[in-house]
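Have a look at model_1.txt below; it lists compact mmCIF, C-alpha atoms.
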```
# COMPACT_ATOMS: atom_id res chain seq x y z
CA GLU A 1 11.82 -6.76 -9.12
CA MET A 2 11.29 -3.69 -11.23
CA THR A 3 11.43 -0.65 -8.96
CA VAL A 4 14.03 1.94 -8.01
CA PHE A 5 13.48 1.32 -4.29
CA ALA A 6 15.39 -0.63 -1.65
CA ILE A 7 14.65 -0.58 2.07
CA ILE A 8 17.36 -0.56 4.73
CA THR A 9 16.59 -1.13 8.43
CA ASN A 10 18.85 0.50 10.99
CA GLU A 11 18.20 -1.65 14.05
CA ALA A 12 20.15 0.70 16.31
CA ASP A 13 17.72 3.59 15.84
CA GLU A 14 14.65 1.44 14.99
CA THR A 15 14.17 3.12 11.63
CA LYS A 16 13.56 1.87 8.11
CA TYR A 17 14.99 4.01 5.31
CA PRO A 18 13.86 3.86 1.67
CA VAL A 19 16.83 4.18 -0.66
CA VAL A 20 16.01 5.28 -4.21
CA ASP A 21 18.30 4.77 -7.19
CA LYS A 22 17.60 3.83 -10.81
CA HIS A 23 20.44 1.31 -10.68
CA PHE A 24 18.34 -0.93 -8.45
CA THR A 25 16.10 -1.70 -11.41
CA PRO A 26 17.13 -4.90 -13.23
CA ILE A 27 17.48 -5.07 -16.99
CA ILE A 28 15.33 -8.21 -17.09
CA ALA A 29 12.82 -9.59 -14.59
CA VAL A 30 11.37 -13.08 -14.98
CA ASN A 31 8.02 -13.73 -13.30
CA ASP A 32 6.73 -17.30 -13.27
CA SER A 33 3.53 -18.11 -11.39
CA GLU A 34 4.65 -21.73 -11.00
CA LEU A 35 7.23 -20.49 -8.51
CA MET A 36 4.49 -18.89 -6.40
CA VAL A 37 1.94 -21.69 -6.02
CA ALA A 38 3.42 -22.84 -2.70
CA MET A 39 3.38 -19.40 -1.07
CA PRO A 40 1.50 -19.54 2.25
CA LYS A 41 -1.90 -17.84 2.33
CA PHE A 42 -0.82 -15.08 4.69
CA LEU A 43 2.27 -14.24 2.62
CA THR A 44 0.11 -14.11 -0.51
CA ALA A 45 -2.37 -11.84 1.25
CA ALA A 46 0.22 -9.48 2.75
CA THR A 47 2.24 -9.08 -0.44
CA GLY A 48 -0.95 -8.68 -2.45
CA MET A 49 -2.20 -5.89 -0.21
CA ASP A 50 1.25 -4.32 -0.42
CA ALA A 51 0.92 -4.28 -4.22
CA LEU A 52 -2.56 -2.76 -3.94
CA THR A 53 -1.12 -0.05 -1.71
CA HIS A 54 1.60 0.63 -4.28
CA ALA A 55 -1.06 1.20 -6.92
CA VAL A 56 -3.36 3.35 -4.79
CA GLU A 57 -0.57 5.56 -3.47
CA ALA A 58 0.98 5.97 -6.92
CA TYR A 59 -2.40 6.96 -8.38
CA VAL A 60 -2.93 9.77 -5.88
CA SER A 61 0.73 10.82 -5.74
CA THR A 62 1.67 14.40 -6.54
CA ALA A 63 4.16 12.97 -9.07
CA ALA A 64 1.56 10.92 -10.96
CA THR A 65 1.47 11.08 -14.76
CA PRO A 66 -0.90 9.62 -17.37
CA ILE A 67 1.54 6.72 -17.77
CA THR A 68 1.67 5.89 -14.05
CA ASP A 69 -2.09 6.43 -13.82
CA ALA A 70 -2.76 3.79 -16.47
CA SER A 71 -0.46 1.30 -14.74
CA ALA A 72 -1.91 1.99 -11.29
CA ILE A 73 -5.57 1.73 -12.25
CA LYS A 74 -5.07 -1.52 -14.15
CA ALA A 75 -3.12 -2.88 -11.19
CA ILE A 76 -5.98 -2.04 -8.81
CA GLU A 77 -8.44 -3.80 -11.11
CA LEU A 78 -6.32 -6.95 -11.39
CA ILE A 79 -5.55 -7.15 -7.68
CA SER A 80 -9.13 -6.50 -6.55
CA GLN A 81 -10.39 -9.22 -8.89
CA ASN A 82 -7.77 -11.88 -8.20
CA LEU A 83 -6.13 -11.54 -4.78
CA ALA A 84 -8.81 -13.36 -2.80
CA THR A 85 -8.75 -16.27 -5.26
CA ALA A 86 -4.95 -16.48 -5.12
CA VAL A 87 -5.09 -16.54 -1.32
CA GLU A 88 -7.84 -19.16 -1.17
CA ASN A 89 -6.31 -21.43 -3.82
CA GLY A 90 -2.62 -20.82 -4.31
CA GLU A 91 -2.50 -23.29 -7.19
CA ASP A 92 -4.93 -21.23 -9.28
CA ARG A 93 -2.48 -20.26 -12.02
CA GLN A 94 -4.87 -17.81 -13.66
CA ALA A 95 -5.20 -15.83 -10.44
CA ARG A 96 -1.46 -16.06 -9.80
CA ASP A 97 -0.70 -14.81 -13.31
CA ALA A 98 -3.13 -11.91 -12.88
CA MET A 99 -1.55 -11.01 -9.55
CA GLN A 100 1.89 -11.03 -11.18
CA TYR A 101 0.71 -8.55 -13.78
CA GLY A 102 -0.97 -6.50 -11.08
CA GLU A 103 2.06 -6.25 -8.81
CA TYR A 104 4.33 -5.57 -11.79
CA LEU A 105 2.13 -2.73 -13.06
CA ALA A 106 1.89 -1.33 -9.53
CA GLY A 107 5.70 -1.45 -9.39
CA MET A 108 5.92 0.47 -12.65
CA ALA A 109 3.52 3.06 -11.25
CA PHE A 110 5.19 3.71 -7.91
CA SER A 111 8.72 3.43 -9.24
CA ASN A 112 7.94 6.54 -11.29
CA ALA A 113 5.30 8.32 -9.17
CA SER A 114 6.57 7.26 -5.73
CA LEU A 115 4.27 6.63 -2.76
CA GLY A 116 2.80 8.37 0.30
CA TYR A 117 2.00 8.24 4.00
CA VAL A 118 0.90 4.60 4.07
CA HIS A 119 4.41 3.49 3.23
CA SER A 120 6.05 6.20 5.33
CA MET A 121 4.12 5.01 8.36
CA ALA A 122 4.43 1.30 7.59
CA HIS A 123 8.23 1.67 7.39
CA GLN A 124 8.24 2.91 10.97
CA LEU A 125 6.10 0.01 12.21
CA GLY A 126 8.60 -2.32 10.59
CA GLY A 127 11.57 -0.51 12.06
CA VAL A 128 10.27 -0.39 15.63
CA TYR A 129 8.20 -3.57 15.86
CA ASP A 130 9.61 -5.70 13.00
CA LEU A 131 6.11 -6.20 11.63
CA VAL A 132 5.25 -7.64 8.21
CA HIS A 133 5.36 -4.73 5.75
CA GLY A 134 2.36 -5.73 3.65
CA LEU A 135 0.27 -6.28 6.77
CA CYS A 136 1.11 -2.77 8.01
CA ASN A 137 0.13 -1.32 4.64
CA ALA A 138 -3.16 -3.19 4.65
CA ILE A 139 -4.02 -1.88 8.12
CA LEU A 140 -3.09 1.73 7.33
CA LEU A 141 -4.35 2.08 3.75
CA PRO A 142 -8.06 2.75 4.52
CA GLU A 143 -7.31 5.38 7.17
CA VAL A 144 -4.70 7.22 5.10
CA SER A 145 -7.05 7.05 2.10
CA ARG A 146 -9.77 8.81 4.07
CA PHE A 147 -7.24 11.49 5.03
CA ASN A 148 -6.03 11.91 1.44
CA ALA A 149 -9.45 11.85 -0.20
CA VAL A 150 -10.01 15.42 1.00
CA ALA A 151 -7.25 16.55 -1.38
CA THR A 152 -7.93 14.27 -4.36
CA PRO A 153 -11.61 13.23 -4.26
CA ALA A 154 -11.97 12.52 -7.98
CA ARG A 155 -9.04 10.14 -7.90
CA PHE A 156 -10.57 8.15 -5.08
CA VAL A 157 -13.77 7.84 -7.12
CA ASP A 158 -11.61 6.33 -9.89
CA ILE A 159 -10.13 3.94 -7.33
CA ALA A 160 -13.63 2.91 -6.23
CA LYS A 161 -14.51 2.08 -9.83
CA ALA A 162 -11.30 0.07 -10.22
CA MET A 163 -12.23 -1.84 -7.05
CA GLY A 164 -15.45 -2.87 -8.78
CA VAL A 165 -17.84 -0.43 -7.12
CA ASP A 166 -20.82 0.78 -9.16
CA VAL A 167 -20.75 4.50 -8.41
CA SER A 168 -23.36 5.55 -10.97
CA ASN A 169 -26.01 6.43 -8.38
CA MET A 170 -23.66 7.72 -5.69
CA THR A 171 -22.51 11.17 -4.68
CA GLN A 172 -18.79 11.78 -4.76
CA GLU A 173 -18.55 11.32 -1.01
CA GLN A 174 -20.51 8.07 -1.14
CA ALA A 175 -18.34 6.73 -3.96
CA ILE A 176 -15.15 7.56 -2.09
CA GLU A 177 -16.32 5.80 1.06
CA ALA A 178 -17.60 2.82 -0.94
CA GLY A 179 -14.20 2.46 -2.59
CA ILE A 180 -12.40 2.57 0.74
CA ALA A 181 -14.93 0.11 2.16
CA ALA A 182 -14.15 -2.22 -0.76
CA ILE A 183 -10.46 -2.08 0.18
CA GLU A 184 -11.38 -2.86 3.79
CA ALA A 185 -13.60 -5.73 2.68
CA LEU A 186 -10.81 -7.24 0.59
CA SER A 187 -8.41 -6.93 3.52
CA GLN A 188 -10.96 -8.63 5.75
CA GLN A 189 -11.50 -11.39 3.19
CA VAL A 190 -7.81 -12.23 2.88
CA GLY A 191 -7.07 -11.91 6.59
CA THR A 192 -5.04 -8.71 6.84
CA ALA A 193 -7.68 -6.50 8.50
CA GLN A 194 -6.21 -6.27 11.99
CA ARG A 195 -5.63 -3.68 14.68
CA LEU A 196 -2.13 -2.42 15.44
CA ALA A 197 -2.60 -3.00 19.16
CA ASP A 198 -3.14 -6.69 18.47
CA LEU A 199 0.34 -6.74 16.93
CA GLY A 200 1.98 -5.21 19.99
CA VAL A 201 1.96 -1.54 18.95
CA THR A 202 1.68 0.86 21.88
CA GLU A 203 0.97 4.57 22.15
CA ASP A 204 4.33 5.45 23.68
CA LYS A 205 6.08 4.98 20.32
CA LEU A 206 3.56 6.84 18.16
CA ALA A 207 5.19 10.29 18.30
CA PHE A 208 8.60 8.80 17.47
CA MET A 209 7.17 6.86 14.52
CA ALA A 210 5.11 9.81 13.31
CA GLN A 211 8.14 12.10 13.21
CA ASN A 212 10.17 9.51 11.31
CA ALA A 213 7.26 8.99 8.93
CA LEU A 214 7.23 12.69 8.05
CA ASN A 215 10.99 12.48 7.40
CA ASP A 216 10.56 9.41 5.18
CA ALA A 217 11.16 9.98 1.45
CA CYS A 218 7.75 8.52 0.58
CA SER A 219 6.02 11.39 2.38
CA LEU A 220 7.23 13.89 -0.21
CA THR A 221 4.61 12.84 -2.79
CA ASN A 222 1.61 12.32 -0.50
CA PRO A 223 -1.25 14.43 -1.91
CA ARG A 224 -2.20 16.05 1.40
CA LYS A 225 0.34 17.35 3.88
CA ALA A 226 -0.11 16.26 7.49
CA SER A 227 1.09 17.65 10.77
CA LEU A 228 2.84 15.49 13.34
CA GLU A 229 -0.39 15.38 15.35
CA GLU A 230 -2.40 14.23 12.32
CA ILE A 231 0.00 11.35 11.65
CA ILE A 232 -0.27 10.34 15.31
CA GLU A 233 -4.07 10.42 15.04
CA ILE A 234 -3.98 8.15 11.97
CA PHE A 235 -1.87 5.68 13.92
CA LYS A 236 -4.27 5.91 16.88
CA ALA A 237 -7.26 5.26 14.62
CA ARG A 238 -5.78 1.87 13.73
CA LEU A 239 -4.63 0.86 17.22
```
Output the structure of this file as structure tokens.
Amino acid sequence: EMTVFAIITNEADETKYPVVDKHFTPIIAVNDSELMVAMPKFLTAATGMDALTHAVEAYVSTAATPITDASAIKAIELISQNLATAVENGEDRQARDAMQYGEYLAGMAFSNASLGYVHSMAHQLGGVYDLVHGLCNAILLPEVSRFNAVATPARFVDIAKAMGVDVSNMTQEQAIEAGIAAIEALSQQVGTAQRLADLGVTEDKLAFMAQNALNDACSLTNPRKASLEEIIEIFKARL
């Protein structure tokens, strides 16, 4: 409700295209948690993990600024602390309110800093297989994070802290992996930790999707540049 992005699916060529224009952003957005209490658990989980992905990708984006950083980190904190509760008890208004703030802040962050390979790759899974976008993000986020952490290790330590990990007695590498493990644990807890093969994804489409992912606008701000083969390997790691 407050980003510059819209997504168009061309069914003829099995491709999702992000369209970016400031005129997509409304003048006023009204968020009311009462309207969300009846959301099914899986929809709450998938959209919540989508919002977490927005925040993580915006925080490590090459276009990040102190303003988007502040929004992204607070979003990660709110989502990590409240998503599981909102999924388990959709009528928990406190958790719903916190998730609204979290997704809104994540929207502010990525609307200005853009995203990265998780979204680029998830768009292709949606275009080819018509899969739930937030579910695709949840599946891909840990693997892409491990790939990106090579380029921005300190930022992934910050993400670990925002996920609630005590990194005080950890090396940088340990903190990074603990933060990614916390993301995986949350995905497992809310039911989005799945394998792509279980959703019908096959290897014969990986090269096609990988090439389209590299052409996707979201790839421009990923912190580490990947080859076609590396994108294919990330897909394979989640099959």
Legend entry - Pairwise distance for atom CA of A:Gly107 and atom CA of A:Leu228, rounded to one decimal in Å: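 One can read the atom CA of A:Gly107 to atom CA of A:Leu228 distance as 28.5 Å.
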Legend entry - Residue with smallest distance to A:Tyr129 - pool A:Met209, A:Ala72, A:Val201, A:Ile67, counting all atoms listed in the file: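 When distances to A:Tyr129 are compared using all atoms listed in the file, the smallest one comes from A:Val201.
Taking all atoms listed in the file into account, A:Val20 lies nearest to A:Thr3 out of the set A:Gln194, A:Gln189, A:Thr3, A:Gln211.
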Inset, instruction - Identify which of the residues A:Met2, A:Cys136, A:Leu199, A:Ala178 lies closest to A:Leu105, counting all atoms listed in the file when measuring atom-to-atom distances. - result: A:Met2
Inset, instruction - Using only C-alpha atoms, determine which residues lie at most 9 Å from A:Phe147, disregarding the query and same-chain residues fewer than 4 positions distant; provide the list as a list in words. - result: Pro142, Glu143, Ala151, Arg224, Ala226 and Ile234 of chain A
Inset, instruction - Using all atoms listed in the file, find the one residue out of A:Leu131, A:Met121, A:Thr192, A:Leu186 that sits nearest to A:Phe42. - result: A:Thr192
For stretch 74-90 of chain A, list every protein, DNA or RNA residue within 8 Å, evaluated using all atoms listed in the file, and leave out those in the same chain fewer than 3 positions away; present the list as an mmCIF file with C-alpha atoms, keeping the file's coordinate frame.
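The result, written out as result09.cif:
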```cif
data_model
loop_
_atom_site.group_PDB
_atom_site.id
_atom_site.type_symbol
_atom_site.label_atom_id
_atom_site.label_comp_id
_atom_site.auth_asym_id
_atom_site.auth_seq_id
_atom_site.Cartn_x
_atom_site.Cartn_y
_atom_site.Cartn_z
ATOM 1 C CA MET A 36 4.490 -18.890 -6.400
ATOM 2 C CA VAL A 37 1.940 -21.690 -6.020
ATOM 3 C CA ALA A 38 3.420 -22.840 -2.700
ATOM 4 C CA MET A 39 3.380 -19.400 -1.070
ATOM 5 C CA PRO A 40 1.500 -19.540 2.250
ATOM 6 C CA LYS A 41 -1.900 -17.840 2.330
ATOM 7 C CA PHE A 42 -0.820 -15.080 4.690
ATOM 8 C CA THR A 44 0.110 -14.110 -0.510
ATOM 9 C CA ALA A 45 -2.370 -11.840 1.250
ATOM 10 C CA GLY A 48 -0.950 -8.680 -2.450
ATOM 11 C CA ALA A 51 0.920 -4.280 -4.220
ATOM 12 C CA LEU A 52 -2.560 -2.760 -3.940
ATOM 13 C CA ALA A 55 -1.060 1.200 -6.920
ATOM 14 C CA VAL A 56 -3.360 3.350 -4.790
ATOM 15 C CA ALA A 70 -2.760 3.790 -16.470
ATOM 16 C CA SER A 71 -0.460 1.300 -14.740
ATOM 17 C CA ARG A 93 -2.480 -20.260 -12.020
ATOM 18 C CA ALA A 95 -5.200 -15.830 -10.440
ATOM 19 C CA ARG A 96 -1.460 -16.060 -9.800
ATOM 20 C CA ALA A 98 -3.130 -11.910 -12.880
ATOM 21 C CA MET A 99 -1.550 -11.010 -9.550
ATOM 22 C CA TYR A 101 0.710 -8.550 -13.780
ATOM 23 C CA GLY A 102 -0.970 -6.500 -11.080
ATOM 24 C CA GLU A 103 2.060 -6.250 -8.810
ATOM 25 C CA TYR A 104 4.330 -5.570 -11.790
ATOM 26 C CA LEU A 105 2.130 -2.730 -13.060
ATOM 27 C CA ALA A 106 1.890 -1.330 -9.530
ATOM 28 C CA ILE A 159 -10.130 3.940 -7.330
ATOM 29 C CA ALA A 162 -11.300 0.070 -10.220
ATOM 30 C CA MET A 163 -12.230 -1.840 -7.050
ATOM 31 C CA GLY A 164 -15.450 -2.870 -8.780
ATOM 32 C CA LEU A 186 -10.810 -7.240 0.590
ATOM 33 C CA GLN A 189 -11.500 -11.390 3.190
ATOM 34 C CA VAL A 190 -7.810 -12.230 2.880
#
```
Legend entry - Pick from A:Glu233, A:Glu1, A:Asp204, A:Glu14, whichever lies nearest to A:Ile28 using all atoms listed in the file: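 Going through A:Glu233, A:Glu1, A:Asp204, A:Glu14 one by one, the smallest distance to A:Ile28 is for A:Glu1.
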